[in-house]
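Containing compact mmCIF, C-alpha atoms: query_19.txt.
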# COMPACT_ATOMS: atom_id res chain seq x y z
CA MET W 1 1.99 176.29 98.63
CA SER W 2 0.00 179.43 97.81
CA ARG W 3 -2.21 179.69 94.77
CA GLU W 4 0.25 182.23 93.25
CA GLY W 5 3.17 179.85 93.79
CA LYS W 6 1.31 177.03 92.11
CA ARG W 7 0.56 179.27 89.15
CA HIS W 8 4.28 180.16 88.67
CA GLY W 9 5.25 176.47 89.01
CA TRP W 10 2.78 175.42 86.33
CA ARG W 11 4.05 178.12 83.94
CA TYR W 12 7.69 177.02 84.44
CA ALA W 13 6.86 173.35 83.84
CA THR W 14 4.91 174.19 80.69
CA ALA W 15 7.74 176.36 79.27
CA ALA W 16 10.37 173.71 80.05
CA ALA W 17 8.33 171.04 78.34
CA GLY W 18 7.96 173.25 75.24
CA VAL W 19 11.71 173.91 75.00
CA ALA W 20 12.51 170.20 75.39
CA ALA W 21 10.03 169.24 72.69
CA GLY W 22 11.50 171.86 70.35
CA MET W 23 15.05 170.57 70.87
CA LEU W 24 13.94 166.99 70.15
CA ALA W 25 12.24 168.09 66.93
CA VAL W 26 15.33 169.94 65.72
CA SER W 27 17.72 167.10 66.53
CA ALA W 28 15.50 164.53 64.81
CA CYS W 29 15.31 166.42 61.50
CA GLY W 30 18.10 166.88 58.99
CA ALA W 31 18.43 169.66 56.51
CA ASP W 32 15.71 168.05 54.43
CA ARG W 33 13.50 167.63 57.51
CA ALA W 34 13.73 163.82 57.24
CA PRO W 35 15.67 161.62 59.69
CA GLN W 36 18.59 159.64 58.20
CA SER W 37 19.69 156.20 59.30
CA ALA W 38 23.36 155.40 59.92
CA GLU W 39 23.44 153.36 56.68
CA THR W 40 22.04 156.27 54.66
CA HIS W 41 24.54 158.69 56.14
CA ALA W 42 27.40 156.32 55.39
CA SER W 43 26.29 155.86 51.78
CA ASN W 44 26.22 159.63 51.28
CA SER W 45 29.71 160.14 52.69
CA PRO W 46 32.43 160.92 50.16
CA GLY W 47 34.66 157.92 49.36
CA PRO W 48 37.71 157.28 47.21
CA ARG W 49 37.10 158.09 43.53
CA THR W 50 37.83 155.36 41.00
CA GLU W 51 40.10 156.60 38.22
CA PRO W 52 39.21 155.44 34.69
CA GLU W 53 41.52 152.88 33.13
CA PRO W 54 44.03 154.42 30.68
CA ASP W 55 43.09 154.02 27.02
CA PHE W 56 46.10 151.86 26.21
CA LYS W 57 45.20 149.40 28.99
CA SER W 58 41.60 149.24 27.79
CA ALA W 59 42.93 148.55 24.29
CA TYR W 60 45.14 145.77 25.68
CA THR W 61 42.18 144.15 27.46
CA ALA W 62 40.06 144.27 24.30
CA GLY W 63 42.89 142.71 22.28
CA TYR W 64 43.47 140.04 24.90
CA ASP W 65 39.80 139.08 24.89
CA GLU W 66 39.87 138.76 21.10
CA GLY W 67 43.05 136.69 21.27
CA ARG W 68 41.49 134.34 23.82
CA ARG W 69 38.41 133.98 21.64
CA VAL W 70 40.55 132.96 18.66
CA TYR W 71 42.62 130.64 20.86
CA ASP W 72 39.50 128.92 22.22
CA GLU W 73 38.05 128.58 18.73
CA LYS W 74 41.16 127.49 16.77
CA GLY W 75 43.52 125.99 19.36
CA LYS W 76 47.07 126.85 20.34
CA GLY W 77 48.47 126.24 16.84
CA VAL W 78 46.79 129.45 15.65
CA ALA W 79 49.36 131.55 17.54
CA VAL W 80 51.88 131.16 14.69
CA ARG W 81 49.48 132.72 12.20
CA GLU W 82 48.34 135.48 14.55
CA VAL W 83 51.72 136.45 16.02
CA VAL W 84 54.43 135.47 13.53
CA HIS W 85 52.44 136.15 10.37
CA GLY W 86 50.69 139.31 11.58
CA GLY W 87 47.13 138.07 12.09
CA CYS W 88 46.65 140.12 15.26
CA ALA W 89 48.07 143.25 13.62
CA ARG W 90 45.56 142.95 10.79
CA ARG W 91 42.69 142.22 13.16
CA ALA W 92 43.48 145.44 15.03
CA LEU W 93 42.56 147.54 11.99
CA ASN W 94 39.05 146.09 12.10
CA ALA W 95 38.57 146.43 15.86
CA ASP W 96 37.11 149.95 15.51
CA ALA W 97 36.76 151.95 18.75
CA HIS W 98 38.42 149.27 20.89
CA VAL W 99 41.86 150.31 19.62
CA ASP W 100 41.38 154.08 19.47
CA GLY W 101 43.45 154.46 22.61
CA ASP W 102 46.44 152.51 21.29
CA ARG W 103 46.53 149.99 18.44
CA GLY W 104 49.89 148.58 19.51
CA SER W 105 48.53 147.74 22.97
CA TRP W 106 45.58 145.98 21.33
CA VAL W 107 48.01 143.88 19.26
CA LYS W 108 50.08 143.02 22.34
CA GLY W 109 46.92 141.90 24.13
CA CYS W 110 45.93 139.80 21.13
CA HIS W 111 49.40 138.19 21.07
CA ASP W 112 49.17 137.29 24.76
CA GLY W 113 45.62 136.00 24.51
CA VAL W 114 46.10 133.88 21.40
CA SER W 115 49.31 132.40 22.88
CA GLY W 116 47.50 131.32 26.04
CA ASP W 117 49.66 133.59 28.18
CA PRO W 118 48.39 135.35 31.32
CA LYS W 119 47.45 138.99 31.07
CA ASN W 120 50.48 141.28 31.10
CA PRO W 121 49.28 144.78 30.19
CA PRO W 122 51.84 147.37 29.12
CA THR W 123 52.82 150.22 31.42
CA HIS W 124 52.76 152.80 28.64
CA PRO W 125 51.24 153.23 25.15
CA MET W 126 52.78 150.92 22.54
CA SER W 127 51.97 152.64 19.22
CA ASP W 128 54.21 155.28 17.70
CA LYS W 129 52.78 157.11 14.67
CA ARG W 130 55.20 159.22 12.65
CA ALA W 131 54.98 161.14 9.40
CA ASN W 132 57.25 159.75 6.67
CA PRO W 133 57.53 162.30 3.84
CA VAL W 134 60.41 160.35 2.25
CA LEU W 135 58.21 157.31 1.60
CA LEU W 136 55.46 159.54 0.24
CA ARG W 137 57.90 161.25 -2.12
CA ASP W 138 59.24 157.89 -3.35
CA PHE W 139 55.72 156.58 -3.95
CA ARG W 140 54.72 159.68 -5.92
CA SER W 141 57.88 159.45 -8.03
CA TRP W 142 57.19 155.80 -8.87
CA ALA W 143 53.52 156.53 -9.57
CA ARG W 144 54.39 159.25 -12.09
CA THR W 145 56.83 156.93 -13.84
CA GLU W 146 54.21 154.16 -14.04
CA GLY W 147 51.43 156.41 -15.30
CA HIS W 148 49.65 156.79 -11.92
CA GLY W 149 50.52 160.44 -11.36
CA ALA W 150 46.88 161.56 -11.06
CA LEU W 151 46.20 158.87 -8.48
CA ALA W 152 49.27 159.76 -6.41
CA ARG W 153 48.18 163.40 -6.18
CA HIS W 154 45.31 162.30 -3.92
CA ALA W 155 47.82 161.27 -1.22
CA ASN W 156 48.40 164.15 1.21
CA GLN W 157 50.37 162.54 4.05
CA LEU W 158 51.99 159.19 4.79
CA PHE W 159 52.60 157.76 8.27
CA THR W 160 54.23 154.65 9.69
CA VAL W 161 52.62 153.27 12.86
CA THR W 162 54.80 150.94 14.93
CA LEU W 163 52.86 148.26 16.80
CA VAL W 164 54.66 145.44 18.65
CA GLY W 165 58.18 144.25 17.96
CA PRO W 166 59.04 144.63 14.26
CA ASP W 167 55.40 145.01 13.16
CA TYR W 168 54.15 148.29 11.75
CA ASP W 169 51.39 149.63 9.50
CA VAL W 170 51.42 152.29 6.80
CA GLU W 171 48.67 154.91 6.78
CA VAL W 172 48.05 157.23 3.83
CA LYS W 173 45.78 160.23 4.33
CA THR W 174 43.95 161.19 1.14
CA ASP W 175 41.16 163.42 -0.09
CA TYR W 176 39.15 160.42 -1.28
CA THR W 177 35.54 159.98 -0.25
CA SER W 178 34.80 156.93 -2.41
CA ARG W 179 35.70 153.51 -1.03
CA SER W 180 36.14 152.06 -4.52
CA GLN W 181 38.68 154.77 -5.40
CA ALA W 182 40.45 154.24 -2.08
CA LYS W 183 40.68 150.48 -2.75
CA ASN W 184 42.18 151.18 -6.16
CA PHE W 185 44.71 153.47 -4.52
CA ALA W 186 45.59 150.79 -1.92
CA SER W 187 46.14 148.18 -4.66
CA THR W 188 48.46 150.54 -6.52
CA PHE W 189 50.36 151.29 -3.31
CA VAL W 190 50.81 147.55 -2.63
CA ALA W 191 52.17 147.07 -6.17
CA TRP W 192 54.76 149.76 -5.45
CA TRP W 193 55.60 148.41 -2.00
CA ASP W 194 56.47 144.96 -3.36
CA GLY W 195 57.72 143.54 -0.07
CA ASP W 196 60.14 146.35 0.76
CA ASP W 197 59.45 146.48 4.49
CA GLY W 198 62.55 148.40 5.55
CA HIS W 199 63.80 147.69 9.07
CA GLY W 200 60.56 146.10 10.30
CA VAL W 201 57.70 144.02 8.98
CA ALA W 202 54.91 146.01 7.31
CA ARG W 203 51.53 144.37 7.80
CA SER W 204 48.92 146.60 6.16
CA VAL W 205 48.32 149.84 4.32
CA ALA W 206 45.31 151.81 5.50
CA VAL W 207 43.87 154.56 3.30
CA LEU W 208 42.23 157.39 5.27
CA ASP W 209 39.86 160.12 4.17
CA ALA W 210 40.21 163.78 5.13
CA HIS W 211 38.54 163.04 8.49
CA ASN W 212 41.02 160.26 9.39
CA ARG W 213 38.48 157.47 8.81
CA TYR W 214 39.62 154.19 7.28
CA ILE W 215 38.07 153.79 3.82
CA ALA W 216 40.32 150.99 2.51
CA ILE W 217 42.68 148.47 4.11
CA GLN W 218 44.95 146.01 2.30
CA SER W 219 47.71 143.67 3.42
CA LEU W 220 51.29 144.47 2.46
Please express what this file holds, its structure, as structure tokens.
Amino acid sequence: MSREGKRHGWRYATAAAGVAAGMLAVSACGADRAPQSAETHASNSPGPRTEPEPDFKSAYTAGYDEGRRVYDEKGKGVAVREVVHGGCARRALNADAHVDGDRGSWVKGCHDGVSGDPKNPPTHPMSDKRANPVLLRDFRSWARTEGHGALARHANQLFTVTLVGPDYDVEVKTDYTSRSQAKNFASTFVAWWDGDDGHGVARSVAVLDAHNRYIAIQSL
């Protein structure tokens, strides 16, 4: 081969080697210029998203756990007190954020747990809160007759909250900010109630402030 032919051959080999090296460099680097293993790529791939549990089911689970705790501590005989006599319903009012989703579902969970039953969460919210202006009117009328008119004027709205089965609570929204005044109001309300549960079984009266926070709770 002539000297000129050798020169062209060397140039072609050098250019080919440069192109090949460039292609290898590009294929080895990702967008962030760092190679990724198969495991890393798989972990970054989008997968099925886990939906959060509905609030009423979370409330049921929290109630069930509390019921199991009471069952383990007191034995199976405690179910009569907690289910028949409203123990779980009253516990629900002190369970704070665990029942915000649905107090009735919390009570159902407590019933199942304290009875030693397997978990059986509801398929829909259990609580049903409804305004009851008739009860509020009757309470105010009684309060005026008994000399508690000034106290009754602090009650702005009255609700009944159905829980599980015949159980329900009464909630009274007031403009009170003092817990001592709210407790006095609750005691007066209980004196008026006097066991008149209507079609169900009333368990507690809860007095709320203007921001819907419990400031007094008393059994009915």
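For segment 182-196 of chain W, the set of protein, DNA and RNA residues having any atom at most 9 Å away, when counting only C-alpha atoms and skipping those fewer than 3 positions along the same chain, is Phe139, Trp142, Ala143, His148, Leu151, Ala152, His154, Val172, Thr174, Tyr176, Thr177, Ser178, Arg179, Val201, Ala202, Val205, Ala206, Val207, Leu208, Asp209, Ile215, Ala216, Ile217, Gln218, Ser219 and Leu220 of chain W.
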Mind listing as a PyMOL selection string all residues within 10 Å of (52.6, 139.9, 8.1), counting only C-alpha atoms? chain W and resi 81-90+167-169+201-204+219-220
Write out the residues from the selection above, keeping C-alpha atoms, as a PDB file, in the frame of the given file.
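Contents of out19.pdb, freshly written:
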ATOM      1  CA  ARG W  81      49.480 132.720  12.200  1.00  0.00           C
ATOM      2  CA  GLU W  82      48.340 135.480  14.550  1.00  0.00           C
ATOM      3  CA  VAL W  83      51.720 136.450  16.020  1.00  0.00           C
ATOM      4  CA  VAL W  84      54.430 135.470  13.530  1.00  0.00           C
ATOM      5  CA  HIS W  85      52.440 136.150  10.370  1.00  0.00           C
ATOM      6  CA  GLY W  86      50.690 139.310  11.580  1.00  0.00           C
ATOM      7  CA  GLY W  87      47.130 138.070  12.090  1.00  0.00           C
ATOM      8  CA  CYS W  88      46.650 140.120  15.260  1.00  0.00           C
ATOM      9  CA  ALA W  89      48.070 143.250  13.620  1.00  0.00           C
ATOM     10  CA  ARG W  90      45.560 142.950  10.790  1.00  0.00           C
ATOM     11  CA  ASP W 167      55.400 145.010  13.160  1.00  0.00           C
ATOM     12  CA  TYR W 168      54.150 148.290  11.750  1.00  0.00           C
ATOM     13  CA  ASP W 169      51.390 149.630   9.500  1.00  0.00           C
ATOM     14  CA  VAL W 201      57.700 144.020   8.980  1.00  0.00           C
ATOM     15  CA  ALA W 202      54.910 146.010   7.310  1.00  0.00           C
ATOM     16  CA  ARG W 203      51.530 144.370   7.800  1.00  0.00           C
ATOM     17  CA  SER W 204      48.920 146.600   6.160  1.00  0.00           C
ATOM     18  CA  SER W 219      47.710 143.670   3.420  1.00  0.00           C
ATOM     19  CA  LEU W 220      51.290 144.470   2.460  1.00  0.00           C
TER      20      LEU W 220
END
To one decimal place in Å, what is the distance between atom CA of Val164 of chain W and atom CA of Asn212 of chain W?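 About the pair atom CA of Val164 of chain W and atom CA of Asn212 of chain W: they are 22.2 Å apart.
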Please report the interatomic distance between atom CA of His98 of chain W and atom CA of Ala155 of chain W in Å with one decimal. 26.9 Å
Restricting the calculation to all atoms listed in the file, which member of W:Ala131, W:Val114, W:Val99, W:Val107 is positioned closest to Gly165 of chain W? W:Val107
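Interatomic distance, atom CA of Leu136 of chain W to atom CA of Ala150 of chain W: 14.3 Å.
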Considering all atoms listed in the file, state which residue in the set W:Gly75, W:Gly200, W:Gly63, W:Pro125 is at the smallest distance from Lys108 of chain W. W:Gly63
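Here the question is which of W:Lys173, W:Gly116, W:Asn94, W:Glu146 gets nearest to Lys74 of chain W using all atoms listed in the file, and that residue is W:Gly116.
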Please supply segment 74-95 of chain W, rebuilt with N, CA, C and O atoms, as a JSON list (two decimals), in the frame of the given file.
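After the write, rebuild.json holds the following:
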[["chain", "number", "residue", "atom", "x", "y", "z"],
["W", 74, "LYS", "N", 40.24, 128.13, 17.73],
["W", 74, "LYS", "CA", 41.16, 127.49, 16.77],
["W", 74, "LYS", "C", 42.23, 126.60, 17.42],
["W", 74, "LYS", "O", 42.84, 125.79, 16.73],
["W", 75, "GLY", "N", 42.47, 126.78, 18.71],
["W", 75, "GLY", "CA", 43.52, 125.99, 19.36],
["W", 75, "GLY", "C", 44.85, 126.71, 19.38],
["W", 75, "GLY", "O", 45.05, 127.74, 18.72],
["W", 76, "LYS", "N", 45.80, 126.15, 20.12],
["W", 76, "LYS", "CA", 47.07, 126.85, 20.34],
["W", 76, "LYS", "C", 47.91, 126.99, 19.07],
["W", 76, "LYS", "O", 48.76, 127.87, 18.98],
["W", 77, "GLY", "N", 47.69, 126.14, 18.07],
["W", 77, "GLY", "CA", 48.47, 126.24, 16.84],
["W", 77, "GLY", "C", 48.22, 127.52, 16.08],
["W", 77, "GLY", "O", 49.03, 127.91, 15.23],
["W", 78, "VAL", "N", 47.14, 128.23, 16.37],
["W", 78, "VAL", "CA", 46.79, 129.45, 15.65],
["W", 78, "VAL", "C", 47.73, 130.59, 16.01],
["W", 78, "VAL", "O", 47.80, 131.59, 15.29],
["W", 79, "ALA", "N", 48.48, 130.46, 17.09],
["W", 79, "ALA", "CA", 49.36, 131.55, 17.54],
["W", 79, "ALA", "C", 50.41, 131.90, 16.48],
["W", 79, "ALA", "O", 50.79, 133.06, 16.33],
["W", 80, "VAL", "N", 50.87, 130.90, 15.72],
["W", 80, "VAL", "CA", 51.88, 131.16, 14.69],
["W", 80, "VAL", "C", 51.32, 132.13, 13.65],
["W", 80, "VAL", "O", 51.97, 133.11, 13.25],
["W", 81, "ARG", "N", 50.10, 131.86, 13.20],
["W", 81, "ARG", "CA", 49.48, 132.72, 12.20],
["W", 81, "ARG", "C", 49.21, 134.12, 12.75],
["W", 81, "ARG", "O", 49.45, 135.12, 12.06],
["W", 82, "GLU", "N", 48.76, 134.20, 13.98],
["W", 82, "GLU", "CA", 48.34, 135.48, 14.55],
["W", 82, "GLU", "C", 49.51, 136.33, 15.01],
["W", 82, "GLU", "O", 49.45, 137.56, 14.96],
["W", 83, "VAL", "N", 50.57, 135.69, 15.49],
["W", 83, "VAL", "CA", 51.72, 136.45, 16.02],
["W", 83, "VAL", "C", 52.81, 136.59, 14.97],
["W", 83, "VAL", "O", 53.22, 137.69, 14.60],
["W", 84, "VAL", "N", 53.30, 135.46, 14.46],
["W", 84, "VAL", "CA", 54.43, 135.47, 13.53],
["W", 84, "VAL", "C", 54.05, 136.06, 12.18],
["W", 84, "VAL", "O", 54.81, 136.83, 11.57],
["W", 85, "HIS", "N", 52.86, 135.71, 11.71],
["W", 85, "HIS", "CA", 52.44, 136.15, 10.37],
["W", 85, "HIS", "C", 51.51, 137.37, 10.40],
["W", 85, "HIS", "O", 50.88, 137.69, 9.38],
["W", 86, "GLY", "N", 51.38, 138.02, 11.53],
["W", 86, "GLY", "CA", 50.69, 139.31, 11.58],
["W", 86, "GLY", "C", 49.18, 139.28, 11.65],
["W", 86, "GLY", "O", 48.54, 140.30, 11.40],
["W", 87, "GLY", "N", 48.60, 138.13, 12.01],
["W", 87, "GLY", "CA", 47.13, 138.07, 12.09],
["W", 87, "GLY", "C", 46.55, 139.07, 13.07],
["W", 87, "GLY", "O", 45.57, 139.76, 12.77],
["W", 88, "CYS", "N", 47.16, 139.18, 14.25],
["W", 88, "CYS", "CA", 46.65, 140.12, 15.26],
["W", 88, "CYS", "C", 46.77, 141.56, 14.79],
["W", 88, "CYS", "O", 45.87, 142.38, 15.02],
["W", 89, "ALA", "N", 47.88, 141.88, 14.12],
["W", 89, "ALA", "CA", 48.07, 143.25, 13.62],
["W", 89, "ALA", "C", 46.98, 143.61, 12.63],
["W", 89, "ALA", "O", 46.46, 144.74, 12.62],
["W", 90, "ARG", "N", 46.61, 142.67, 11.77],
["W", 90, "ARG", "CA", 45.56, 142.95, 10.79],
["W", 90, "ARG", "C", 44.19, 143.00, 11.44],
["W", 90, "ARG", "O", 43.33, 143.79, 11.04],
["W", 91, "ARG", "N", 43.97, 142.17, 12.45],
["W", 91, "ARG", "CA", 42.69, 142.22, 13.16],
["W", 91, "ARG", "C", 42.49, 143.58, 13.85],
["W", 91, "ARG", "O", 41.37, 144.08, 13.95],
["W", 92, "ALA", "N", 43.58, 144.17, 14.30],
["W", 92, "ALA", "CA", 43.48, 145.44, 15.03],
["W", 92, "ALA", "C", 42.86, 146.54, 14.18],
["W", 92, "ALA", "O", 42.16, 147.42, 14.69],
["W", 93, "LEU", "N", 43.10, 146.51, 12.87],
["W", 93, "LEU", "CA", 42.56, 147.54, 11.99],
["W", 93, "LEU", "C", 41.05, 147.42, 11.81],
["W", 93, "LEU", "O", 40.41, 148.34, 11.30],
["W", 94, "ASN", "N", 40.50, 146.29, 12.20],
["W", 94, "ASN", "CA", 39.05, 146.09, 12.10],
["W", 94, "ASN", "C", 38.37, 146.09, 13.46],
["W", 94, "ASN", "O", 37.20, 145.74, 13.57],
["W", 95, "ALA", "N", 39.12, 146.47, 14.50],
["W", 95, "ALA", "CA", 38.57, 146.43, 15.86],
["W", 95, "ALA", "C", 37.89, 147.74, 16.25],
["W", 95, "ALA", "O", 37.43, 147.88, 17.38]]
